[in-house]
$ cat input-v5.txt   # compact mmCIF, C-alpha atoms and all ligand atoms
# COMPACT_ATOMS: atom_id res chain seq x y z
CA MET A 30 116.58 120.77 -84.02
CA LYS A 31 113.85 118.22 -84.69
CA LYS A 32 114.08 114.61 -83.54
CA LEU A 33 113.26 112.49 -86.60
CA VAL A 34 112.86 109.25 -84.68
CA GLU A 35 113.73 108.15 -81.14
CA ASN A 36 113.78 105.44 -78.52
CA LYS A 37 114.73 105.56 -74.83
CA MET A 38 118.45 105.38 -75.56
CA LEU A 39 118.96 107.39 -78.75
CA TYR A 40 117.44 109.80 -81.18
CA LEU A 41 118.26 110.66 -84.77
CA ARG A 42 118.17 114.25 -86.04
CA ASN A 43 119.24 115.87 -89.29
CA ILE A 44 122.95 116.61 -89.55
CA GLU A 45 123.63 120.35 -89.55
CA PRO A 46 126.65 122.24 -90.97
CA ALA A 47 127.86 122.87 -87.37
CA ASP A 48 128.23 119.09 -86.88
CA ALA A 49 131.25 119.15 -89.23
CA ASN A 50 133.52 119.91 -86.28
CA GLU A 51 136.83 118.70 -84.78
CA SER A 52 135.29 115.71 -83.09
CA TYR A 53 133.67 114.49 -86.32
CA LEU A 54 137.03 115.05 -88.03
CA SER A 55 138.79 112.92 -85.39
CA TRP A 56 136.32 110.05 -86.02
CA ILE A 57 136.86 110.11 -89.78
CA ASN A 58 140.65 110.10 -89.45
CA ASP A 59 140.81 107.42 -86.73
CA SER A 60 142.22 104.26 -88.34
CA GLU A 61 140.12 101.99 -86.09
CA VAL A 62 136.91 103.84 -86.92
CA ASN A 63 137.56 104.14 -90.66
CA ASN A 64 139.15 100.69 -91.08
CA TYR A 65 136.14 99.19 -92.90
CA THR A 66 135.00 102.35 -94.68
CA GLU A 67 136.09 104.26 -97.76
CA ALA A 68 137.27 107.14 -95.53
CA ARG A 69 140.47 105.15 -94.81
CA PHE A 70 141.90 106.01 -98.22
CA LYS A 71 142.64 109.62 -97.37
CA ARG A 72 143.33 111.88 -94.42
CA SER A 73 140.52 114.43 -94.28
CA THR A 74 140.69 118.08 -93.25
CA LEU A 75 138.00 120.14 -91.54
CA GLU A 76 137.37 121.76 -94.92
CA ASP A 77 136.81 118.31 -96.52
CA ILE A 78 134.19 117.28 -94.00
CA ARG A 79 132.45 120.67 -94.13
CA GLU A 80 132.18 120.24 -97.89
CA TYR A 81 131.04 116.62 -97.49
CA VAL A 82 128.33 117.57 -94.98
CA LYS A 83 127.15 120.46 -97.17
CA THR A 84 126.91 118.18 -100.22
CA GLN A 85 125.10 115.45 -98.27
CA ILE A 86 122.56 117.92 -96.85
CA GLU A 87 121.78 119.18 -100.35
CA LEU A 88 121.25 115.72 -101.87
CA VAL A 89 117.57 115.07 -102.56
CA ASN A 90 117.83 111.27 -102.50
CA SER A 91 119.56 111.08 -99.11
CA VAL A 92 118.80 111.74 -95.43
CA PHE A 93 121.94 112.29 -93.37
CA MET A 94 121.35 112.02 -89.62
CA ALA A 95 123.24 112.45 -86.37
CA ILE A 96 123.03 109.63 -83.81
CA VAL A 97 122.53 111.30 -80.43
CA LEU A 98 122.41 109.92 -76.88
CA ALA A 99 119.04 110.71 -75.30
CA GLU A 100 120.48 111.17 -71.78
CA ASN A 101 122.91 114.01 -72.59
CA ASP A 102 122.35 115.02 -76.25
CA LYS A 103 125.86 113.82 -77.12
CA HIS A 104 126.46 113.31 -80.85
CA ILE A 105 128.18 109.89 -81.10
CA GLY A 106 128.00 109.07 -84.79
CA ASN A 107 126.21 109.42 -88.08
CA ILE A 108 123.79 107.32 -90.07
CA LYS A 109 122.33 107.91 -93.50
CA LEU A 110 119.67 106.63 -95.80
CA HIS A 111 121.09 107.22 -99.24
CA ARG A 112 120.51 106.22 -102.86
CA ILE A 113 116.81 106.56 -102.01
CA ASP A 114 115.04 105.14 -105.04
CA LYS A 115 111.48 106.48 -105.21
CA GLN A 116 110.49 104.17 -108.07
CA HIS A 117 111.58 100.96 -106.40
CA LYS A 118 111.08 102.28 -102.85
CA ASN A 119 114.43 101.19 -101.51
CA ALA A 120 117.48 102.84 -99.97
CA GLU A 121 120.93 102.03 -98.66
CA VAL A 122 121.91 102.44 -95.00
CA SER A 123 125.43 103.43 -93.87
CA LEU A 124 126.58 104.30 -90.38
CA LEU A 125 129.50 105.14 -88.21
CA ILE A 126 129.65 105.27 -84.42
CA GLY A 127 132.62 107.62 -84.22
CA ASN A 128 132.99 107.73 -80.46
CA LYS A 129 134.78 104.43 -79.75
CA SER A 130 133.81 104.41 -76.07
CA CYS A 131 130.28 103.89 -77.38
CA TRP A 132 131.06 100.69 -79.30
CA GLY A 133 129.62 97.36 -78.16
CA LYS A 134 126.82 98.97 -76.12
CA GLY A 135 124.01 98.34 -78.55
CA PHE A 136 124.00 101.85 -80.04
CA GLY A 137 124.89 100.67 -83.57
CA SER A 138 122.06 98.13 -83.77
CA LYS A 139 119.60 100.52 -82.09
CA ALA A 140 120.51 103.32 -84.54
CA ILE A 141 119.96 100.92 -87.45
CA ALA A 142 116.57 99.92 -86.00
CA LEU A 143 115.62 103.61 -85.69
CA VAL A 144 116.67 104.55 -89.22
CA THR A 145 114.78 101.50 -90.50
CA GLU A 146 111.63 102.62 -88.68
CA TYR A 147 112.08 106.08 -90.21
CA GLY A 148 112.61 104.67 -93.72
CA PHE A 149 109.54 102.45 -93.52
CA LYS A 150 107.11 104.69 -91.64
CA GLN A 151 108.08 108.20 -92.74
CA LEU A 152 109.46 107.57 -96.23
CA ASN A 153 107.16 104.64 -97.00
CA LEU A 154 110.05 102.58 -98.35
CA ASN A 155 109.71 98.86 -99.02
CA LYS A 156 113.28 97.75 -98.57
CA LEU A 157 116.52 98.87 -96.94
CA TYR A 158 119.94 97.34 -97.49
CA ALA A 159 123.55 97.76 -96.44
CA LYS A 160 126.87 96.68 -97.89
CA CYS A 161 129.64 95.57 -95.55
CA TYR A 162 133.15 94.22 -95.92
CA GLU A 163 133.02 90.49 -95.07
CA ASN A 164 135.44 91.02 -92.17
CA ASN A 165 133.45 93.85 -90.56
CA PHE A 166 131.89 91.47 -88.03
CA GLY A 167 130.66 94.28 -85.75
CA SER A 168 128.69 95.88 -88.56
CA ILE A 169 127.26 92.62 -89.90
CA LYS A 170 126.16 91.62 -86.38
CA ALA A 171 124.66 95.04 -85.71
CA PHE A 172 122.50 94.82 -88.87
CA ILE A 173 121.43 91.26 -88.08
CA LYS A 174 120.54 92.30 -84.53
CA ALA A 175 118.35 95.06 -86.04
CA GLY A 176 116.45 92.44 -88.08
CA TYR A 177 118.39 92.47 -91.37
CA GLN A 178 119.29 89.23 -93.16
CA GLU A 179 122.27 88.38 -95.30
CA GLU A 180 121.09 88.53 -98.92
CA GLY A 181 124.22 87.75 -100.82
CA ARG A 182 127.94 87.94 -101.19
CA PHE A 183 129.87 89.78 -103.87
CA LYS A 184 133.05 87.92 -104.58
CA LYS A 185 136.34 89.83 -104.15
CA GLN A 186 134.49 93.14 -104.23
CA TYR A 187 136.91 95.14 -102.08
CA LEU A 188 140.66 95.51 -101.74
CA PHE A 189 141.51 95.32 -98.04
CA ASN A 190 145.12 95.57 -96.89
CA GLY A 191 146.42 94.14 -100.16
CA LYS A 192 143.89 91.31 -100.31
CA TYR A 193 140.60 91.08 -102.21
CA ILE A 194 137.70 90.33 -99.89
CA ASP A 195 133.98 89.71 -100.36
CA GLY A 196 131.21 92.23 -99.85
CA VAL A 197 128.15 91.14 -97.87
CA GLN A 198 124.73 92.66 -98.59
CA LEU A 199 122.21 92.70 -95.75
CA GLY A 200 118.61 93.70 -96.25
CA ILE A 201 115.23 94.08 -94.60
CA ILE A 202 111.77 94.20 -96.17
CA ASN A 203 108.86 96.22 -94.88
CA ASP A 204 106.28 93.46 -94.45
CA GLN A 205 103.63 95.90 -93.28
CA ARG A 206 103.08 97.61 -96.61
CA GLY A 207 101.42 96.48 -99.81
CA ALA A 208 102.64 97.15 -103.34
CA ASN A 209 100.98 100.58 -103.58
C1 LIG B 301 130.10 98.65 -86.78
C2 LIG B 301 129.49 99.53 -85.70
C3 LIG B 301 128.40 100.39 -86.32
C4 LIG B 301 128.88 98.64 -84.62
O1 LIG B 301 128.29 99.47 -83.64
P1 LIG B 301 128.14 98.99 -82.12
O2 LIG B 301 127.42 100.06 -81.40
O3 LIG B 301 129.46 98.58 -81.60
O4 LIG B 301 127.21 97.73 -82.32
P2 LIG B 301 126.33 96.99 -81.22
O5 LIG B 301 126.83 97.34 -79.86
O6 LIG B 301 124.91 97.24 -81.54
O7 LIG B 301 126.73 95.48 -81.50
C5 LIG B 301 126.01 94.58 -82.26
C6 LIG B 301 126.63 93.22 -82.08
O8 LIG B 301 127.91 93.18 -82.70
C7 LIG B 301 128.91 92.79 -81.77
N1 LIG B 301 130.13 93.50 -82.13
C8 LIG B 301 130.33 94.83 -82.11
N2 LIG B 301 131.59 95.09 -82.54
C9 LIG B 301 132.16 93.90 -82.86
C10 LIG B 301 133.41 93.50 -83.40
N3 LIG B 301 134.35 94.42 -83.70
N4 LIG B 301 133.64 92.19 -83.63
C11 LIG B 301 132.69 91.26 -83.36
N5 LIG B 301 131.46 91.58 -82.86
C12 LIG B 301 131.21 92.87 -82.61
C13 LIG B 301 128.35 93.18 -80.43
O9 LIG B 301 128.95 92.44 -79.40
C14 LIG B 301 126.89 92.87 -80.62
O10 LIG B 301 126.65 91.50 -80.52
P3 LIG B 301 125.87 90.87 -79.27
O11 LIG B 301 124.57 91.59 -79.17
O12 LIG B 301 125.78 89.45 -79.61
O13 LIG B 301 126.76 91.19 -78.11
C15 LIG B 301 130.58 100.42 -85.03
O14 LIG B 301 131.59 99.60 -84.51
C16 LIG B 301 131.20 101.39 -86.01
O15 LIG B 301 130.63 102.43 -86.29
N6 LIG B 301 132.39 101.08 -86.56
C17 LIG B 301 133.11 101.97 -87.44
C18 LIG B 301 132.44 102.30 -88.76
C19 LIG B 301 131.91 101.08 -89.51
O16 LIG B 301 132.55 100.07 -89.61
N7 LIG B 301 130.69 101.26 -90.04
C20 LIG B 301 130.01 100.23 -90.80
C21 LIG B 301 130.40 100.25 -92.23
S1 LIG B 301 129.44 99.03 -93.14
$ encode --input "input-v5.txt" --output "structure tokens"
Amino acid sequence: MKKLVENKMLYLRNIEPADANESYLSWINDSEVNNYTEARFKRSTLEDIREYVKTQIELVNSVFMAIVLAENDKHIGNIKLHRIDKQHKNAEVSLLIGNKSCWGKGFGSKAIALVTEYGFKQLNLNKLYAKCYENNFGSIKAFIKAGYQEEGRFKKQYLFNGKYIDGVQLGIINDQRGAN
């Protein structure tokens, strides 16, 4: 198991098939955890998440990572760089801190900062972005805390509890690199 990127609090490593376990399943099916994600539309089985993890690992334009606590190697959530576009050098970031006792402790924003460092330094990307529901205040704040800025709103993009709501795109540019 190789640490892809780390700080004092957390490290990110590649997701492995064995990570598709009961605790991951409980995160995905928890209505508070999945409330602002597409996972809320169906109840998943262990088989579903095994298949999902397998597919994600095989994707060439995606890096699917586990968010792990440095102090005890506890896997608390997942983060991915996906839709990696090698021509335009950008990628989308999505994350989930599945262990709710870990919310509000800075892990979300720190994990975003780590994946951003990885995307810029290791993958030489120019830009990263994320798409959030307008009412996912925790996620929007976590991205802003990690240095992202709101780039735009997509009117009535999502259907949330019977009401159409806006999508918010947040992005960050790698100022350190030229256009090479
Ligand atoms: C959204 C999520 C990643 C945030 O992670 P986190 O570890 O709680 O975030 P942080 O602790 O880094 O918090 C960042 C800021 O947001 C605030 N915050 C966190 N949750 C919040 C909430 N529900 N409402 C308002 N603010 C919130 C924190 O207080 C902090 O602000 P502060 O520094 O001013 O105190 C996490 O709650 C999660 O995984 N949720 C479920 C899945 C999800 O929604 N993923 C995002 C899809 S776009």
$ axis_aligned_box --input "input-v5.txt" --around "ligand LIG 301 (chain B)" --padding-each-side "4 Å" --output "lines of an AutoDock Vina configuration file"
center_x = 129.5
center_y = 95.9
center_z = -85.6
size_x = 17.8
size_y = 21.0
size_z = 23.0
$ residues_near_ligand --input "input-v5.txt" --ligand "ligand LIG 301 (chain B)" --cutoff "10 Å" --atoms "only C-alpha atoms and all ligand atoms" --output "ChimeraX atom specification"
/A:56-57,59-68,105-108,122-142,159-175,196-199
$ closest_residue --input "input-v5.txt" --among "A:Val34, A:Ile202, A:Leu154, A:Ala49" --to "Gln116 in chain A" --atoms "all atoms listed in the file"
A:Leu154
$ residues_around --input "input-v5.txt" --residues "Asn153 in chain A" --least-positions-apart "5" --cutoff "9 Å" --atoms "all atoms listed in the file" --output "ChimeraX atom specification"
/A:118,147-148,203,206
$ write_last_selection --input "input-v5.txt" --atoms "C-alpha atoms" --output "compact mmCIF listing (two decimals), in the coordinates of the input"
# COMPACT_ATOMS: atom_id res chain seq x y z
CA LYS A 118 111.08 102.28 -102.85
CA TYR A 147 112.08 106.08 -90.21
CA GLY A 148 112.61 104.67 -93.72
CA ASN A 203 108.86 96.22 -94.88
CA ARG A 206 103.08 97.61 -96.61
$ residues_around --input "input-v5.txt" --residues "Ala99 in chain A" --least-positions-apart "6" --cutoff "8 Å" --atoms "all atoms listed in the file" --output "number ranges by chain"
A: 37-40
$ write_last_selection --input "input-v5.txt" --atoms "C-alpha atoms" --output "compact mmCIF listing (two decimals), in the coordinates of the input"
# COMPACT_ATOMS: atom_id res chain seq x y z
CA LYS A 37 114.73 105.56 -74.83
CA MET A 38 118.45 105.38 -75.56
CA LEU A 39 118.96 107.39 -78.75
CA TYR A 40 117.44 109.80 -81.18
$ closest_atom_pairs --input "input-v5.txt" --of "range 117-138 of chain A" --to "range 82-90 of chain A" --cutoff "12 Å" --atoms "only C-alpha atoms" --output "CSV"
residue,atom,partner,partner_atom,distance
A:Lys118,CA,A:Asn90,CA,11.2
A:Asn119,CA,A:Asn90,CA,10.7
A:Ala120,CA,A:Asn90,CA,8.8
A:Glu121,CA,A:Asn90,CA,10.5
$ closest_residue --input "input-v5.txt" --among "A:His117, A:Lys184, A:Lys32, A:Lys192" --to "Ile96 in chain A" --atoms "all atoms listed in the file"
A:Lys32
$ closest_residue --input "input-v5.txt" --among "A:Ala95, A:Arg182, A:Glu100, A:Glu45" --to "Leu143 in chain A" --atoms "all atoms listed in the file"
A:Ala95
